[in-house]
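Enquirer: Pasting input-v2.txt below, which is compact mmCIF, C-alpha atoms.
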```
# COMPACT_ATOMS: atom_id res chain seq x y z
CA ASP A 1 147.02 -33.60 -94.77
CA PHE A 2 145.86 -30.19 -93.60
CA GLY A 3 148.13 -29.62 -90.60
CA SER A 4 149.15 -31.76 -87.64
CA MET A 5 145.80 -31.49 -85.86
CA SER A 6 143.57 -33.21 -88.39
CA LYS A 7 143.45 -34.98 -91.72
CA ARG A 8 140.73 -34.66 -94.31
CA PRO A 9 139.98 -37.53 -96.66
CA HIS A 10 139.92 -36.62 -100.32
CA ASN A 11 139.05 -38.50 -103.47
CA ARG A 12 141.98 -39.00 -105.82
CA ARG A 13 141.29 -39.35 -109.53
CA PRO A 14 142.67 -42.60 -111.01
CA HIS A 15 145.84 -42.22 -113.02
CA VAL A 16 144.39 -44.18 -115.98
CA THR A 17 140.71 -44.00 -116.94
CA THR A 18 138.52 -44.90 -119.86
CA PRO A 19 136.23 -42.31 -121.50
CA ALA A 20 133.25 -43.89 -119.71
CA GLN A 21 135.07 -43.59 -116.37
CA ASP A 22 135.95 -39.99 -117.13
CA LEU A 23 132.27 -39.23 -117.72
CA TYR A 24 131.32 -41.03 -114.50
CA ILE A 25 133.88 -39.05 -112.48
CA TRP A 26 132.75 -35.76 -114.01
CA LYS A 27 129.10 -36.55 -113.25
CA ASN A 28 129.94 -37.25 -109.61
CA GLN A 29 131.89 -34.07 -108.94
CA SER A 30 130.21 -32.00 -106.27
CA LEU A 31 128.78 -28.69 -107.48
CA HIS A 32 129.11 -27.49 -103.89
CA GLY A 33 132.81 -27.07 -104.59
CA THR A 34 135.69 -28.28 -102.47
CA SER A 35 134.87 -29.19 -98.90
CA PRO A 36 136.12 -26.36 -96.68
CA VAL A 37 138.97 -26.99 -94.28
CA THR A 38 137.55 -27.16 -90.75
CA THR A 39 140.81 -26.55 -88.89
CA PHE A 40 141.63 -22.90 -88.37
CA GLY A 41 145.17 -22.01 -87.40
CA PRO A 42 147.27 -24.28 -85.17
CA LYS A 43 144.64 -25.04 -82.48
CA ALA A 44 141.07 -24.23 -83.55
CA CYS A 45 138.62 -26.44 -85.37
CA MET A 46 134.90 -26.72 -85.94
CA LEU A 47 132.96 -28.98 -83.59
CA GLN A 48 131.58 -31.81 -85.72
CA ASN A 49 127.85 -32.43 -85.65
CA PRO A 50 127.11 -36.18 -85.92
CA LEU A 51 123.58 -35.41 -87.13
CA ALA A 52 124.80 -33.38 -90.11
CA VAL A 53 123.67 -34.52 -93.55
CA MET A 54 126.47 -34.92 -96.13
CA HIS A 55 129.36 -32.54 -95.48
CA ILE A 56 127.22 -29.42 -95.10
CA GLN A 57 126.21 -28.73 -91.52
CA ASP A 58 123.18 -26.83 -90.37
CA PRO A 59 124.39 -23.20 -90.14
CA ALA A 60 123.00 -22.89 -86.63
CA SER A 61 124.98 -25.96 -85.44
CA GLN A 62 128.47 -24.75 -86.42
CA ARG A 63 130.34 -24.35 -83.15
CA LEU A 64 133.95 -23.46 -82.33
CA THR A 65 136.09 -25.80 -80.28
CA TRP A 66 139.78 -25.92 -79.37
CA ASN A 67 142.09 -28.94 -79.60
CA LYS A 68 144.31 -27.17 -77.08
CA PRO A 69 143.74 -23.98 -75.05
CA PRO A 70 144.58 -20.92 -77.20
CA LYS A 71 147.71 -19.06 -76.21
CA SER A 72 148.22 -16.46 -78.95
CA VAL A 73 146.03 -13.79 -80.52
CA LEU A 74 146.50 -11.35 -83.39
CA VAL A 75 145.00 -7.91 -82.76
CA ILE A 76 144.31 -5.93 -85.93
CA LYS A 77 143.41 -2.27 -85.56
CA LYS A 78 142.20 0.11 -88.22
CA ILE A 79 145.09 2.40 -89.08
CA GLN A 80 144.87 6.19 -88.69
CA ASP A 81 141.76 6.14 -86.52
CA ALA A 82 142.32 7.99 -83.25
CA SER A 83 139.02 6.76 -81.80
CA LEU A 84 140.38 3.20 -81.71
CA LEU A 85 143.48 3.93 -79.64
CA GLN A 86 141.79 3.60 -76.26
CA PRO A 87 139.88 0.38 -77.11
CA PHE A 88 143.10 -1.05 -78.55
CA LYS A 89 145.04 -0.31 -75.37
CA GLU A 90 142.32 -1.70 -73.11
CA LEU A 91 142.07 -4.90 -75.10
CA CYS A 92 145.83 -5.46 -75.20
CA VAL A 93 146.16 -4.93 -71.45
CA PHE A 94 143.32 -7.38 -70.85
CA LEU A 95 144.89 -10.02 -73.10
CA THR A 96 148.35 -9.73 -71.55
CA GLU A 97 146.81 -10.06 -68.09
CA LYS A 98 145.35 -13.36 -69.30
CA ASN A 99 148.90 -14.41 -70.27
CA MET A 100 148.08 -14.39 -73.97
CA ILE A 101 150.82 -13.87 -76.56
CA VAL A 102 149.70 -10.78 -78.48
CA TYR A 103 150.74 -10.22 -82.12
CA VAL A 104 150.51 -6.67 -83.49
CA GLU A 105 151.63 -5.16 -86.78
CA ARG A 106 154.64 -2.86 -86.57
CA LYS A 107 152.84 -0.07 -88.40
CA VAL A 108 150.19 -0.03 -85.66
CA LEU A 109 152.83 0.58 -82.99
CA ALA A 110 154.40 3.31 -85.14
CA ASP A 111 151.52 5.62 -84.20
CA PRO A 112 153.07 8.65 -82.40
CA VAL A 113 150.27 8.65 -79.81
CA ILE A 114 151.02 5.04 -78.85
CA GLN A 115 154.75 5.67 -78.72
CA ALA A 116 154.24 8.71 -76.50
CA ASP A 117 152.15 6.82 -73.94
CA GLU A 118 154.64 5.86 -71.22
CA SER A 119 152.08 3.86 -69.25
CA PHE A 120 151.59 1.59 -72.27
CA ALA A 121 155.31 1.05 -72.90
CA ALA A 122 155.52 -1.96 -70.57
CA VAL A 123 152.69 -3.67 -72.48
CA ILE A 124 154.32 -2.98 -75.86
CA GLN A 125 157.47 -4.79 -74.77
CA LYS A 126 155.42 -8.00 -74.44
CA PHE A 127 154.09 -7.81 -78.02
CA CYS A 128 155.24 -9.96 -80.90
CA THR A 129 155.41 -7.79 -84.02
CA PHE A 130 155.34 -8.59 -87.72
CA ARG A 131 155.11 -6.92 -91.12
CA GLU A 132 152.63 -7.67 -93.91
CA ASP A 133 154.11 -9.57 -96.90
CA LEU A 134 157.32 -10.12 -94.95
CA ASN A 135 156.61 -12.33 -91.92
CA ASP A 136 154.51 -15.50 -92.01
CA ILE A 137 152.47 -15.88 -88.82
CA SER A 138 149.91 -18.39 -90.11
CA ASN A 139 151.09 -21.15 -87.74
CA ARG A 140 151.63 -18.89 -84.74
CA VAL A 141 148.23 -17.24 -84.23
CA ASP A 142 145.37 -19.13 -82.53
CA PHE A 143 142.67 -16.54 -83.19
CA ILE A 144 142.23 -12.98 -84.44
CA ILE A 145 140.51 -9.92 -82.97
CA CYS A 146 139.60 -7.08 -85.35
CA LEU A 147 138.96 -3.53 -84.16
CA GLY A 148 137.35 -1.51 -86.95
CA GLY A 149 134.84 -2.04 -89.73
CA ASP A 150 134.27 -4.50 -92.56
CA GLY A 151 137.50 -3.43 -94.25
CA THR A 152 139.48 -4.54 -91.20
CA LEU A 153 138.07 -8.06 -91.55
CA LEU A 154 138.92 -8.07 -95.27
CA TYR A 155 142.46 -7.04 -94.43
CA ALA A 156 142.74 -9.81 -91.83
CA SER A 157 141.64 -12.33 -94.46
CA SER A 158 144.34 -11.13 -96.86
CA LEU A 159 147.07 -11.90 -94.29
CA PHE A 160 146.31 -15.63 -94.47
CA GLN A 161 146.54 -17.28 -97.86
CA LYS A 162 145.77 -20.74 -96.48
CA SER A 163 144.15 -21.76 -93.19
CA VAL A 164 142.66 -18.79 -91.34
CA PRO A 165 142.36 -18.70 -87.52
CA PRO A 166 138.92 -17.85 -86.06
CA VAL A 167 138.14 -14.13 -86.38
CA MET A 168 136.28 -12.06 -83.78
CA SER A 169 135.25 -8.65 -85.15
CA PHE A 170 134.22 -5.68 -83.00
CA HIS A 171 132.02 -3.02 -84.55
CA LEU A 172 134.22 0.09 -84.33
CA GLY A 173 133.94 1.26 -87.94
CA SER A 174 131.27 2.88 -90.09
CA LEU A 175 128.96 0.19 -91.55
CA GLY A 176 129.82 -2.95 -89.60
CA PHE A 177 127.89 -5.54 -91.62
CA LEU A 178 130.53 -8.19 -90.86
CA THR A 179 131.35 -7.04 -87.31
CA PRO A 180 128.65 -8.28 -84.90
CA PHE A 181 130.33 -7.63 -81.55
CA ASN A 182 129.92 -4.50 -79.42
CA PHE A 183 133.08 -3.44 -77.60
CA ASP A 184 131.27 -2.41 -74.41
CA THR A 185 131.32 -5.99 -73.09
CA TYR A 186 134.56 -7.16 -74.70
CA GLN A 187 135.95 -8.83 -71.57
CA SER A 188 133.18 -11.38 -71.16
CA GLN A 189 132.93 -11.94 -74.91
CA VAL A 190 136.64 -12.58 -75.39
CA THR A 191 136.65 -14.87 -72.36
CA GLN A 192 133.87 -16.95 -73.94
CA ILE A 193 135.90 -17.32 -77.12
CA ILE A 194 138.98 -18.44 -75.19
CA GLU A 195 136.81 -21.03 -73.44
CA GLY A 196 135.54 -22.27 -76.82
CA ASN A 197 131.93 -21.22 -76.29
CA ALA A 198 130.90 -19.64 -79.59
CA ALA A 199 129.12 -20.20 -82.88
CA ILE A 200 131.01 -19.68 -86.13
CA ILE A 201 130.11 -19.09 -89.75
CA LEU A 202 132.38 -20.29 -92.52
CA ARG A 203 132.66 -17.45 -95.02
CA SER A 204 133.84 -18.96 -98.29
CA ARG A 205 136.64 -17.28 -100.21
CA LEU A 206 137.60 -17.26 -103.88
CA ARG A 207 140.90 -18.68 -105.06
CA VAL A 208 142.01 -16.34 -107.83
CA VAL A 209 144.96 -16.97 -110.14
CA LYS A 210 146.00 -14.14 -112.46
CA GLU A 211 148.24 -15.24 -115.32
CA SER A 212 149.91 -12.49 -117.27
CA ARG A 213 152.37 -12.54 -120.16
CA GLU A 214 155.79 -11.02 -119.92
CA LYS A 215 156.35 -7.66 -121.58
CA ASN A 216 158.67 -9.16 -124.20
CA ALA A 217 155.87 -11.44 -125.47
CA ARG A 218 153.40 -10.26 -128.09
CA VAL A 219 149.88 -11.29 -129.09
CA ASP A 220 148.82 -11.85 -132.68
CA LYS A 221 145.44 -10.97 -134.21
CA LYS A 222 143.91 -14.25 -133.02
CA GLY A 223 144.92 -13.65 -129.41
CA ILE A 224 147.74 -16.22 -129.46
CA ILE A 225 150.85 -15.38 -127.43
CA MET A 226 153.97 -15.26 -129.60
CA THR A 227 157.31 -15.85 -127.87
CA ASN A 228 160.90 -16.36 -128.96
CA GLY A 229 161.51 -19.19 -126.51
CA ASP A 230 159.79 -21.37 -123.98
CA SER A 231 156.14 -20.37 -123.68
CA GLU A 232 156.08 -21.34 -120.01
CA GLY A 233 158.83 -18.87 -119.26
CA SER A 234 156.79 -16.03 -120.71
CA ARG A 235 153.95 -16.44 -118.18
CA LYS A 236 153.69 -14.97 -114.70
CA ALA A 237 151.09 -16.26 -112.24
CA MET A 238 149.91 -14.60 -109.02
CA GLN A 239 147.47 -16.18 -106.57
CA TYR A 240 145.05 -14.42 -104.20
CA GLN A 241 142.47 -15.44 -101.60
CA VAL A 242 139.44 -13.14 -101.89
CA LEU A 243 136.68 -12.82 -99.28
CA ASN A 244 134.33 -10.32 -100.95
CA GLU A 245 134.78 -9.99 -104.68
CA VAL A 246 136.94 -9.81 -107.77
CA VAL A 247 136.12 -6.69 -109.82
CA VAL A 248 137.09 -6.32 -113.47
CA ASP A 249 136.36 -2.84 -114.85
CA ARG A 250 137.28 -0.53 -117.73
CA GLY A 251 139.63 1.54 -115.60
CA PRO A 252 140.42 5.07 -116.83
CA PHE A 253 139.22 4.41 -120.38
CA SER A 254 136.02 5.83 -121.86
CA TYR A 255 135.27 2.77 -124.00
CA LEU A 256 133.12 -0.12 -122.81
CA SER A 257 134.84 -2.95 -121.02
CA ASN A 258 134.85 -5.95 -123.36
CA VAL A 259 135.79 -9.21 -121.62
CA ASP A 260 134.96 -12.86 -122.28
CA LEU A 261 133.57 -14.98 -119.45
CA PHE A 262 134.18 -18.74 -119.47
CA LEU A 263 132.58 -21.35 -117.19
CA ASP A 264 134.31 -24.74 -116.97
CA GLY A 265 136.06 -23.99 -120.26
CA HIS A 266 132.96 -22.90 -122.18
CA LEU A 267 132.39 -19.32 -123.30
CA ILE A 268 129.08 -18.28 -121.71
CA THR A 269 128.99 -14.57 -122.53
CA THR A 270 130.96 -11.43 -123.36
CA VAL A 271 130.59 -8.61 -120.86
CA GLN A 272 130.13 -5.24 -122.53
CA GLY A 273 129.72 -2.48 -119.99
CA ASP A 274 131.63 -0.90 -117.14
CA GLY A 275 132.79 -4.30 -115.92
CA VAL A 276 131.83 -7.42 -113.99
CA ILE A 277 131.83 -8.47 -110.32
CA VAL A 278 132.52 -12.06 -109.26
CA SER A 279 131.63 -12.34 -105.59
CA THR A 280 131.23 -14.78 -102.75
CA PRO A 281 127.97 -14.96 -100.79
CA THR A 282 129.65 -12.70 -98.22
CA GLY A 283 130.48 -10.23 -100.99
CA SER A 284 126.91 -10.29 -102.30
CA THR A 285 126.00 -7.62 -99.73
CA ALA A 286 128.91 -5.38 -100.76
CA TYR A 287 129.63 -3.98 -104.25
CA ALA A 288 127.38 -6.60 -105.87
CA VAL A 289 124.19 -5.48 -104.11
CA ALA A 290 124.94 -1.88 -105.09
CA ALA A 291 125.09 -3.10 -108.72
CA GLY A 292 121.66 -4.74 -108.46
CA ALA A 293 122.47 -8.27 -107.30
CA SER A 294 120.55 -10.36 -104.81
CA MET A 295 121.80 -10.96 -101.29
CA ILE A 296 122.97 -14.52 -100.53
CA HIS A 297 123.45 -15.98 -97.06
CA PRO A 298 127.14 -16.84 -96.48
CA ASN A 299 126.33 -20.51 -95.87
CA VAL A 300 124.98 -20.95 -99.41
CA PRO A 301 127.65 -22.64 -101.61
CA ALA A 302 127.60 -20.35 -104.63
CA ILE A 303 129.42 -17.76 -106.73
CA MET A 304 127.62 -14.64 -107.92
CA ILE A 305 128.32 -12.96 -111.28
CA THR A 306 127.09 -9.36 -111.50
CA PRO A 307 127.60 -7.02 -114.48
CA ILE A 308 128.41 -3.37 -113.81
CA CYS A 309 126.21 -1.08 -115.93
CA PRO A 310 125.91 -3.59 -118.82
CA HIS A 311 125.03 -2.18 -122.26
CA SER A 312 122.17 -4.66 -122.45
CA LEU A 313 118.72 -4.64 -120.85
CA SER A 314 118.71 -8.44 -120.49
CA PHE A 315 122.02 -8.99 -118.69
CA ARG A 316 120.93 -9.83 -115.15
CA PRO A 317 123.08 -11.02 -112.23
CA ILE A 318 123.33 -14.82 -112.01
CA VAL A 319 124.28 -17.34 -109.32
CA VAL A 320 126.37 -20.38 -110.27
CA PRO A 321 127.38 -23.43 -108.20
CA ALA A 322 130.44 -23.06 -106.00
CA GLY A 323 132.15 -25.97 -107.75
CA VAL A 324 132.58 -24.34 -111.17
CA GLU A 325 135.72 -22.71 -112.58
CA LEU A 326 135.37 -19.23 -114.04
CA LYS A 327 137.87 -17.62 -116.38
CA ILE A 328 137.93 -13.99 -117.47
CA MET A 329 139.92 -12.76 -120.48
CA LEU A 330 140.00 -9.64 -122.61
CA SER A 331 138.02 -10.10 -125.79
CA ARG A 332 140.15 -10.30 -128.93
CA ASP A 333 138.52 -7.18 -130.40
CA SER A 334 138.54 -5.16 -127.17
CA ARG A 335 139.43 -1.51 -127.82
CA ASN A 336 141.34 -1.12 -124.58
CA THR A 337 142.72 -3.05 -121.61
CA ALA A 338 140.84 -3.66 -118.36
CA TRP A 339 141.70 -3.44 -114.66
CA VAL A 340 141.17 -5.89 -111.83
CA SER A 341 141.10 -5.57 -108.05
CA PHE A 342 140.82 -8.15 -105.26
CA ASP A 343 138.70 -7.09 -102.29
CA GLY A 344 139.42 -3.51 -103.36
CA ARG A 345 143.20 -3.97 -103.15
CA LYS A 346 146.16 -4.84 -105.40
CA ARG A 347 144.60 -3.13 -108.42
CA GLN A 348 146.38 -4.00 -111.67
CA GLU A 349 145.95 -3.92 -115.42
CA ILE A 350 144.70 -6.81 -117.58
CA CYS A 351 146.26 -6.91 -121.04
CA HIS A 352 145.63 -9.08 -124.10
CA GLY A 353 146.83 -12.60 -123.37
CA ASP A 354 146.21 -12.32 -119.63
CA ASN A 355 143.58 -14.43 -117.90
CA ILE A 356 142.00 -14.65 -114.46
CA THR A 357 140.86 -18.03 -113.11
CA ILE A 358 138.38 -18.05 -110.21
CA THR A 359 137.30 -21.03 -108.12
CA THR A 360 135.94 -21.52 -104.62
CA SER A 361 138.78 -21.78 -102.12
CA CYS A 362 139.00 -24.62 -99.61
CA PHE A 363 140.22 -22.12 -96.99
CA PRO A 364 137.19 -20.20 -95.66
CA VAL A 365 137.24 -17.46 -93.03
CA PRO A 366 135.77 -18.81 -89.76
CA SER A 367 133.96 -15.74 -88.48
CA ILE A 368 132.81 -15.90 -84.86
CA CYS A 369 129.12 -15.09 -84.39
CA PHE A 370 127.45 -12.99 -81.73
CA GLN A 371 124.36 -15.26 -81.70
CA ASP A 372 124.40 -17.67 -84.65
CA PRO A 373 124.92 -17.45 -88.45
CA VAL A 374 121.25 -16.97 -89.29
CA ASN A 375 120.26 -14.39 -86.66
CA ASP A 376 123.47 -12.40 -87.11
CA TRP A 377 122.91 -12.10 -90.87
CA PHE A 378 119.33 -10.88 -90.63
CA GLU A 379 120.30 -8.52 -87.83
CA SER A 380 122.96 -7.00 -90.09
CA LEU A 381 120.46 -6.69 -92.96
CA ALA A 382 118.06 -4.80 -90.71
CA GLN A 383 120.53 -2.62 -88.82
CA CYS A 384 123.11 -1.83 -91.54
CA LEU A 385 121.18 -1.97 -94.81
CA HIS A 386 117.68 -1.23 -93.41
CA TRP A 387 116.32 -4.17 -95.37
CA ASN A 388 112.57 -3.96 -95.98
CA VAL A 389 112.10 -0.91 -93.79
CA ARG A 390 108.68 0.60 -94.44
CA LYS A 391 105.96 2.32 -92.50
CA LYS A 392 103.28 -0.23 -91.72
CA GLN A 393 99.91 -0.02 -93.37
CA ASN A 394 97.01 0.94 -91.08
CA TYR A 395 94.48 -1.76 -90.35
CA LEU A 396 90.80 -1.42 -91.25
CA SER A 397 88.24 -1.02 -88.52
CA SER A 398 85.08 -3.14 -88.64
CA LYS A 399 82.97 -0.15 -89.64
CA GLU A 400 85.10 0.76 -92.67
CA ASP A 401 84.16 -0.49 -96.12
CA VAL A 402 86.76 -2.82 -97.53
CA PHE A 403 86.14 -1.43 -101.00
```
Could you quickly redo this structure as structure tokens?

Expert:
Amino acid sequence: DFGSMSKRPHNRRPHVTTPAQDLYIWKNQSLHGTSPVTTFGPKACMLQNPLAVMHIQDPASQRLTWNKPPKSVLVIKKIQDASLLQPFKELCVFLTEKNMIVYVERKVLADPVIQADESFAAVIQKFCTFREDLNDISNRVDFIICLGGDGTLLYASSLFQKSVPPVMSFHLGSLGFLTPFNFDTYQSQVTQIIEGNAAIILRSRLRVVKESREKNARVDKKGIIMTNGDSEGSRKAMQYQVLNEVVVDRGPFSYLSNVDLFLDGHLITTVQGDGVIVSTPTGSTAYAVAAGASMIHPNVPAIMITPICPHSLSFRPIVVPAGVELKIMLSRDSRNTAWVSFDGRKRQEICHGDNITITTSCFPVPSICFQDPVNDWFESLAQCLHWNVRKKQNYLSSKEDVF
């Protein structure tokens, strides 16, 4: 049961199976990964296409619809950017005039310029405020509006560790690969979203679990954790939902990073270099592409593994099915520890005995499109990354010799 609005059928594994049945079940697991949840927040869901094949819809047919008219919106503004103050005020006034309940972070309203604006004081009194990591608003927000760049969308994703409301991103930052909307016509565009007239793209996320040993535990020469009591009590697990990538690097040390990479329990390689990037298709156009990876459309069910400056000429980036489980651990003979970050945030050290498990999350980010998932992606490639930009070759006239 994924909320009161809808239920998603799921296959339960039998409690008792024979070895032959176990093999049959394993063979029939989908390499596409878990089916993504198609309800977003308390009121939004994806319009089902009856002509879709299997559970994967045509990217161009993914449309937003509302079970009930949306009443609340979360406005996320890039902090410490004076150029966004006026668009933020205009948008909030427009939303309150439409009788929308507007949620805003307290640190946004702490801006001295906003506090000093007396004409905006009446609007602020209508806001519902919250604080990150303190207040849970996952069941209160119908959709999200981001004012900023790609980092603003990443931050919005981090606020929701389960179902994410639809996200509308305005290009008010620097690059804007993930922000297709122009703020000049925000009134008509926001009105269309409220009416449920929009295409969406489901950006898959990674479910990351970092297990670390307690400081009072020690590791022997074989990498086995030695404790004085219950082994379960010596472990600490933290879970994250990642939209772009998980980066494991050598941190401040001068030695090579030396980490083991497992896929579905099997050791596939040891990364010796500056580190490794495990990214979603959305993250393939971020750090991964700068490290030499290919660019993957967000609708492709996959996970990309990209080494960072590997000390090997043959270690190329690879793409694996979205349904696999990856595990990263420090190699037993590693000279130093490593460091990990999640979408560039919450950076922390990886010690011997720690492990990081990565799978595809069943809670994607439903990003609202300007046109549709395909056209928006190629438009971003051309405008933001200048993909395949080259001066055209001159044609040959009929009098010129081909040779």

Enquirer: May I have the residues within 8 Å of region 296-309 of chain A as a VMD selection string, using all atoms listed in the file and disregarding those fewer than 2 positions away in the same chain?

Expert: chain A and resid 32 to 33 59 201 to 204 271 273 to 282 284 to 285 288 291 to 294 311 315 to 323 360 377

Enquirer: Between A:Leu109, A:Ile368, A:Ile124, A:Ala116, which has the minimum distance to Val93 (chain A) (counting all atoms listed in the file)?

Expert: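 Using all atoms listed in the file, Val93 (chain A) sits closest to A:Ile124.
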
Enquirer: Kindly indicate which residue among A:Ser257, A:Ser138, A:Gln115, A:Thr65 lies nearest to Thr337 (chain A), using all atoms listed in the file for the distances.

Expert: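 Comparing A:Ser257, A:Ser138, A:Gln115, A:Thr65 against Thr337 (chain A), the winner is A:Ser257.
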
Enquirer: With distances taken over only C-alpha atoms, which of A:Tyr103, A:Thr152, A:Leu172, A:Gly283 is nearest to Gln86 (chain A)?

Expert: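 Checking each of A:Tyr103, A:Thr152, A:Leu172, A:Gly283 against Gln86 (chain A), counting only C-alpha atoms, the winner is A:Leu172.
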
Enquirer: So how far away is CA of Phe370 (chain A) from CA of Asn197 (chain A), in Å?

Expert: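 The value is 10.8 Å.
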
Enquirer: Compile the contact shell of Gly196 (chain A) as a PyMOL selection string: residues with an atom at most 7 Å away, counting all atoms listed in the file, same-chain residues fewer than 2 positions apart removed.

Expert: chain A and resi 64-66+192-194+198

Enquirer: If we count only C-alpha atoms, what is near Leu159 (chain A) at a cut-off of 12 Å, once residues fewer than 6 positions away on the same chain are taken out, given as a CSV table (one decimal) with C-alpha atoms, in the coordinates of the input?

Expert:
```
chain,number,residue,atom,x,y,z
A,74,LEU,CA,146.5,-11.4,-83.4
A,76,ILE,CA,144.3,-5.9,-85.9
A,105,GLU,CA,151.6,-5.2,-86.8
A,130,PHE,CA,155.3,-8.6,-87.7
A,131,ARG,CA,155.1,-6.9,-91.1
A,132,GLU,CA,152.6,-7.7,-93.9
A,133,ASP,CA,154.1,-9.6,-96.9
A,134,LEU,CA,157.3,-10.1,-95.0
A,135,ASN,CA,156.6,-12.3,-91.9
A,136,ASP,CA,154.5,-15.5,-92.0
A,137,ILE,CA,152.5,-15.9,-88.8
A,138,SER,CA,149.9,-18.4,-90.1
A,141,VAL,CA,148.2,-17.2,-84.2
A,144,ILE,CA,142.2,-13.0,-84.4
A,152,THR,CA,139.5,-4.5,-91.2
A,153,LEU,CA,138.1,-8.1,-91.6
A,165,PRO,CA,142.4,-18.7,-87.5
A,240,TYR,CA,145.0,-14.4,-104.2
A,241,GLN,CA,142.5,-15.4,-101.6
A,242,VAL,CA,139.4,-13.1,-101.9
A,243,LEU,CA,136.7,-12.8,-99.3
A,365,VAL,CA,137.2,-17.5,-93.0
```

Enquirer: Looking at only C-alpha atoms, which of A:Gln125, A:Gln383, A:Ser397, A:Ser254 is the one that sits closest to Pro180 (chain A)?

Expert: A:Gln383

Enquirer: Could you pull the residues within 9 Å of Leu175 (chain A), counting all atoms listed in the file, minus those fewer than 3 positions along the same chain, as a PyMOL selection string?

Expert: chain A and resi 149-150+171-172+178-179+384-385

Enquirer: Would you mind exporting region 323-371 of chain A with C-alpha atoms, as a CSV table (one decimal), in the first residue's frame?

Expert:
```csv
chain,number,residue,atom,x,y,z
A,323,GLY,CA,17.7,-4.1,-10.9
A,324,VAL,CA,21.1,-5.1,-9.5
A,325,GLU,CA,22.5,-4.4,-6.1
A,326,LEU,CA,25.9,-2.8,-5.8
A,327,LYS,CA,28.1,-2.8,-2.7
A,328,ILE,CA,31.3,-0.8,-2.2
A,329,MET,CA,33.8,-1.6,0.6
A,330,LEU,CA,37.4,-0.6,1.4
A,331,SER,CA,39.8,-3.2,0.1
A,332,ARG,CA,41.5,-5.2,2.9
A,333,ASP,CA,45.0,-4.0,1.9
A,334,SER,CA,43.9,-0.3,1.3
A,335,ARG,CA,46.6,2.1,2.6
A,336,ASN,CA,44.1,4.7,3.7
A,337,THR,CA,40.3,5.3,4.2
A,338,ALA,CA,38.0,6.7,1.6
A,339,TRP,CA,35.3,9.4,1.6
A,340,VAL,CA,31.7,9.3,0.2
A,341,SER,CA,29.2,12.0,-0.7
A,342,PHE,CA,25.6,11.8,-1.8
A,343,ASP,CA,24.6,14.3,-4.5
A,344,GLY,CA,27.5,16.4,-3.3
A,345,ARG,CA,26.2,16.6,0.3
A,346,LYS,CA,26.6,14.8,3.7
A,347,ARG,CA,30.3,13.9,3.0
A,348,GLN,CA,31.7,11.4,5.4
A,349,GLU,CA,34.6,8.9,5.9
A,350,ILE,CA,34.5,5.2,4.9
A,351,CYS,CA,36.6,3.1,7.2
A,352,HIS,CA,37.6,-0.6,7.2
A,353,GLY,CA,34.5,-2.7,7.9
A,354,ASP,CA,32.1,-0.1,6.5
A,355,ASN,CA,30.0,-0.8,3.4
A,356,ILE,CA,27.8,1.1,1.0
A,357,THR,CA,24.8,-0.7,-0.6
A,358,ILE,CA,23.3,0.9,-3.7
A,359,THR,CA,20.0,-0.1,-5.4
A,360,THR,CA,17.5,1.6,-7.6
A,361,SER,CA,14.9,3.3,-5.5
A,362,CYS,CA,11.1,2.8,-6.0
A,363,PHE,CA,10.6,6.6,-5.3
A,364,PRO,CA,11.6,8.6,-8.4
A,365,VAL,CA,11.4,12.3,-8.8
A,366,PRO,CA,8.5,13.3,-11.0
A,367,SER,CA,10.0,16.3,-12.9
A,368,ILE,CA,7.5,18.4,-14.9
A,369,CYS,CA,8.5,18.9,-18.5
A,370,PHE,CA,8.3,22.0,-20.6
A,371,GLN,CA,7.5,20.0,-23.7
```
